[in-house]
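Quick notes on the structure that follows.
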Amino acid sequence: MHHDEWESNCTEYLAGTGEEPGAFDKEMTETEIAWVVDQRLRAQSWETYPEVVLETFAGRPDLIATRRGICQVFECKRTLTLGVIEQASRWRTHSRPEQAGMPHLIWVACKRPQYRSNNLLWWLLREFDIGLMSIEKQPAVEIRYGGEVEISPQRYSITRRIAPRIQPGARRSAHRLIDQLNPDMRIAQPGAKGGETEYMTPFKRTMAMVDEFLSSEPDKERHIEQIIDYLNEKGGHHYGTDRSARGAIPTHLDRLGYPRTREWGCWYRSKA
């Protein structure tokens, strides 16, 4: 980890295009802060997973990033508060960290404060081995001359204030967290609240695979056993057992409007 880009003491810089939401605003939203972190990570070849819902962990981290077997978690907020530290430290207080998986590094990212740092909050960050990243924004501006308008895009400075340390147990269990991440989890908008973004859940993934199976041959009827077999071939469903899936999936298919093809038995076809 000593050669990782985030371990540099210097300030890094990121420029927008001037077209992003809030580019001309002086203040940053949590969504914008998370976007800055996400863009910086992507530029350094990290795979990022915004607003991930995990079966084994209560809560939804703003960002999870992985690269070459290393896993980082980011909580992005406008200000550094006791609440965000409590949120970030949930990985340490989880009742079954070996089941959920422990990230190697945990970060809090927030707007660069204009006031003196709170010693208690800094002590808590160090006590839980959590890193602190501050972000400062220079808003986009319009430059007018000769009847023409030119936009100077917004710029961000990203400074590591406190370096995180590898979390206890991460070397043994981080792979369990990484194994729960799927490409379809990357669709969400980082930092957005639940009602403002689409994010992938285990249930959505299961039903998306069911829809994919039924849509592959729209006019062909499929029995629930065939659906379960397909799900298992594709990596499995989110239910604890096939029996549970067999009992629950037909109810959801009925609710979602997938037509039954027979009066008896769980036979379905695509809605298309």
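For the structure tokens, the naming scheme is as follows: chains receive sequential letters (A, B, ...) according to their order of presentation, residues are indexed from 1 within each chain, and ligands are indexed from 1 in presentation order.
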* Asked: DSSP on the backbone: what in region 10-256 of chain A comes out strand (DSSP E), as number ranges by chain?
  -> A: 12-15, 47-50, 63-67, 70-77, 105-111, 131-138, 141-145, 148-152, 155-162, 222-223
* What is the distance between CA of Lys220 (chain A) and CA of Gly257 (chain A), in Å to one decimal? -> 16.3 Å
* To do: Can you list, as a PyMOL selection string, all residues belonging to region 48-267 of chain A that DSSP tags as helix (DSSP H, G or I)?
  => chain A and resi 82-88+90-93+97-100+119-127+170-179+183-187+194-196+202-216+224-233+242-255
Store the residues picked out above in a file with C-alpha atoms, as a CSV table (one decimal), in the first residue's frame.
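Below you can see result27.csv, which holds the result:
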chain,number,residue,atom,x,y,z
A,82,LEU,CA,-19.5,12.5,14.9
A,83,GLY,CA,-22.3,11.0,12.8
A,84,VAL,CA,-20.1,10.3,9.7
A,85,ILE,CA,-17.4,8.8,11.9
A,86,GLU,CA,-19.9,6.5,13.5
A,87,GLN,CA,-21.1,5.6,10.0
A,88,ALA,CA,-17.6,4.8,8.8
A,90,ARG,CA,-19.7,0.4,11.5
A,91,TRP,CA,-17.3,-2.0,9.7
A,92,ARG,CA,-15.3,-2.2,13.0
A,93,THR,CA,-18.4,-2.7,15.2
A,97,PRO,CA,-17.1,-9.0,10.3
A,98,GLU,CA,-15.8,-12.3,9.1
A,99,GLN,CA,-19.1,-12.8,7.3
A,100,ALA,CA,-19.6,-9.3,5.8
A,119,ASN,CA,-9.4,17.3,18.2
A,120,LEU,CA,-12.0,14.8,19.4
A,121,LEU,CA,-13.1,13.9,15.9
A,122,TRP,CA,-9.5,13.6,14.7
A,123,TRP,CA,-8.7,11.3,17.7
A,124,LEU,CA,-11.7,9.1,16.8
A,125,LEU,CA,-10.5,8.8,13.2
A,126,ARG,CA,-7.1,7.7,14.3
A,127,GLU,CA,-8.5,5.4,16.9
A,170,ALA,CA,-9.0,-7.2,6.4
A,171,ARG,CA,-6.3,-9.5,5.1
A,172,ARG,CA,-8.4,-12.5,6.1
A,173,SER,CA,-11.8,-11.3,5.1
A,174,ALA,CA,-11.7,-8.5,2.5
A,175,HIS,CA,-12.2,-11.1,-0.2
A,176,ARG,CA,-15.6,-11.8,1.2
A,177,LEU,CA,-16.6,-8.2,0.7
A,178,ILE,CA,-15.1,-8.1,-2.8
A,179,ASP,CA,-16.9,-11.4,-3.8
A,183,PRO,CA,-20.6,-5.2,-12.3
A,184,ASP,CA,-24.3,-4.3,-12.2
A,185,MET,CA,-23.7,-2.6,-8.8
A,186,ARG,CA,-21.8,0.2,-10.6
A,187,ILE,CA,-25.0,1.8,-12.1
A,194,GLY,CA,-31.9,6.4,-1.8
A,195,GLY,CA,-34.9,8.1,-3.4
A,196,GLU,CA,-32.7,10.0,-5.9
A,202,PRO,CA,-29.6,-8.7,-4.4
A,203,PHE,CA,-33.4,-8.9,-5.1
A,204,LYS,CA,-33.1,-6.7,-8.2
A,205,ARG,CA,-30.3,-8.8,-9.5
A,206,THR,CA,-32.2,-12.0,-9.1
A,207,MET,CA,-35.3,-10.6,-10.8
A,208,ALA,CA,-33.2,-9.1,-13.6
A,209,MET,CA,-31.7,-12.6,-14.3
A,210,VAL,CA,-35.2,-14.1,-14.3
A,211,ASP,CA,-36.4,-11.4,-16.8
A,212,GLU,CA,-33.3,-12.1,-18.9
A,213,PHE,CA,-34.2,-15.8,-19.0
A,214,LEU,CA,-37.8,-15.3,-19.9
A,215,SER,CA,-37.0,-12.7,-22.5
A,216,SER,CA,-34.5,-14.9,-24.3
A,224,ILE,CA,-40.2,-22.3,-11.9
A,225,GLU,CA,-37.8,-25.3,-11.7
A,226,GLN,CA,-36.2,-24.2,-15.1
A,227,ILE,CA,-35.9,-20.6,-13.7
A,228,ILE,CA,-34.2,-21.8,-10.6
A,229,ASP,CA,-31.8,-24.0,-12.6
A,230,TYR,CA,-30.9,-20.9,-14.8
A,231,LEU,CA,-30.3,-18.7,-11.8
A,232,ASN,CA,-27.9,-21.3,-10.3
A,233,GLU,CA,-26.1,-21.6,-13.6
A,242,ASP,CA,-33.7,-23.2,-3.7
A,243,ARG,CA,-36.8,-24.1,-1.7
A,244,SER,CA,-37.2,-20.5,-0.5
A,245,ALA,CA,-36.6,-19.2,-4.0
A,246,ARG,CA,-39.1,-21.6,-5.4
A,247,GLY,CA,-41.8,-20.3,-3.0
A,248,ALA,CA,-41.0,-16.6,-3.3
A,249,ILE,CA,-40.2,-15.9,-7.0
A,250,PRO,CA,-43.7,-16.9,-8.4
A,251,THR,CA,-45.3,-14.3,-6.1
A,252,HIS,CA,-43.0,-11.6,-7.4
A,253,LEU,CA,-43.6,-12.7,-11.0
A,254,ASP,CA,-47.3,-12.4,-10.5
A,255,ARG,CA,-46.9,-9.0,-8.8
* In Å to one decimal, how far is CA of Glu12 (chain A) from CA of Gln39 (chain A)? -> 12.2 Å
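Proximity ranking of A:Ala109, A:Ile162, A:Leu132, A:Ala65 relative to Ser45 (chain A) places A:Ala65 first, based on only C-alpha atoms.
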* So how far away is CA of Thr29 (chain A) from CA of Val141 (chain A), in Å? -> 18.1 Å
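Closest to Arg160 (chain A) among A:Asp62, A:Asp219, A:Glu47, A:Glu136 is A:Glu136, based on only C-alpha atoms.
With distances restricted to only C-alpha atoms, A:Phe74 is the closest residue to Asp38 (chain A) from A:Phe74, A:Tyr156, A:Tyr258, A:Tyr145.
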* Quick one: residues within 12 Å of Glu75 (chain A), only C-alpha atoms counted, chain neighbours fewer than 3 positions away excluded, as a ChimeraX atom specification? -> /A:30-31,33-35,37-38,50-52,59-65,72,78-81,83-91,105-110,130-134,190-192
Take the residues just selected and output them with C-alpha atoms as a PDB file, in the first residue's frame.
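Contents of out_0.pdb, freshly written:
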ATOM      1  CA  GLU A  30     -22.633  15.239  -0.841  1.00  0.00           C
ATOM      2  CA  THR A  31     -23.310  13.924  -4.334  1.00  0.00           C
ATOM      3  CA  ILE A  33     -18.111  15.294  -3.166  1.00  0.00           C
ATOM      4  CA  ALA A  34     -18.715  11.615  -3.905  1.00  0.00           C
ATOM      5  CA  TRP A  35     -18.455  12.323  -7.647  1.00  0.00           C
ATOM      6  CA  VAL A  37     -13.777  10.946  -5.173  1.00  0.00           C
ATOM      7  CA  ASP A  38     -15.247   8.561  -7.748  1.00  0.00           C
ATOM      8  CA  PRO A  50     -21.487   3.512  -5.582  1.00  0.00           C
ATOM      9  CA  GLU A  51     -24.293   3.110  -3.038  1.00  0.00           C
ATOM     10  CA  VAL A  52     -23.818  -0.643  -2.698  1.00  0.00           C
ATOM     11  CA  GLY A  59     -26.135   0.395   5.533  1.00  0.00           C
ATOM     12  CA  ARG A  60     -25.091   1.577   2.104  1.00  0.00           C
ATOM     13  CA  PRO A  61     -21.518   2.884   1.715  1.00  0.00           C
ATOM     14  CA  ASP A  62     -21.198   5.881  -0.603  1.00  0.00           C
ATOM     15  CA  LEU A  63     -18.360   4.202  -2.503  1.00  0.00           C
ATOM     16  CA  ILE A  64     -16.515   0.905  -2.481  1.00  0.00           C
ATOM     17  CA  ALA A  65     -13.384   0.756  -4.629  1.00  0.00           C
ATOM     18  CA  GLN A  72     -11.414   0.689   0.090  1.00  0.00           C
ATOM     19  CA  ARG A  78     -20.261  17.911   3.505  1.00  0.00           C
ATOM     20  CA  THR A  79     -18.767  18.263   6.983  1.00  0.00           C
ATOM     21  CA  LEU A  80     -16.812  16.087   9.375  1.00  0.00           C
ATOM     22  CA  THR A  81     -19.143  15.149  12.222  1.00  0.00           C
ATOM     23  CA  GLY A  83     -22.276  10.967  12.811  1.00  0.00           C
ATOM     24  CA  VAL A  84     -20.149  10.314   9.734  1.00  0.00           C
ATOM     25  CA  ILE A  85     -17.364   8.816  11.867  1.00  0.00           C
ATOM     26  CA  GLU A  86     -19.925   6.518  13.468  1.00  0.00           C
ATOM     27  CA  GLN A  87     -21.139   5.605   9.988  1.00  0.00           C
ATOM     28  CA  ALA A  88     -17.622   4.816   8.764  1.00  0.00           C
ATOM     29  CA  SER A  89     -16.734   2.841  11.890  1.00  0.00           C
ATOM     30  CA  ARG A  90     -19.670   0.428  11.487  1.00  0.00           C
ATOM     31  CA  TRP A  91     -17.308  -1.963   9.734  1.00  0.00           C
ATOM     32  CA  LEU A 105      -8.987   0.906   4.118  1.00  0.00           C
ATOM     33  CA  ILE A 106     -11.817   3.158   5.297  1.00  0.00           C
ATOM     34  CA  TRP A 107     -12.021   6.846   4.361  1.00  0.00           C
ATOM     35  CA  VAL A 108     -14.156   9.843   5.200  1.00  0.00           C
ATOM     36  CA  ALA A 109     -14.225  12.515   2.484  1.00  0.00           C
ATOM     37  CA  CYS A 110     -15.661  15.957   3.190  1.00  0.00           C
ATOM     38  CA  ILE A 130      -9.956   5.818   9.349  1.00  0.00           C
ATOM     39  CA  GLY A 131      -8.462   8.164   6.769  1.00  0.00           C
ATOM     40  CA  LEU A 132      -9.626  11.740   6.216  1.00  0.00           C
ATOM     41  CA  MET A 133      -9.712  13.376   2.805  1.00  0.00           C
ATOM     42  CA  SER A 134     -10.684  17.017   2.320  1.00  0.00           C
ATOM     43  CA  PRO A 190     -22.314   8.059  -5.876  1.00  0.00           C
ATOM     44  CA  GLY A 191     -23.473   9.972  -2.825  1.00  0.00           C
ATOM     45  CA  ALA A 192     -27.122  10.226  -3.879  1.00  0.00           C
TER      46      ALA A 192
END
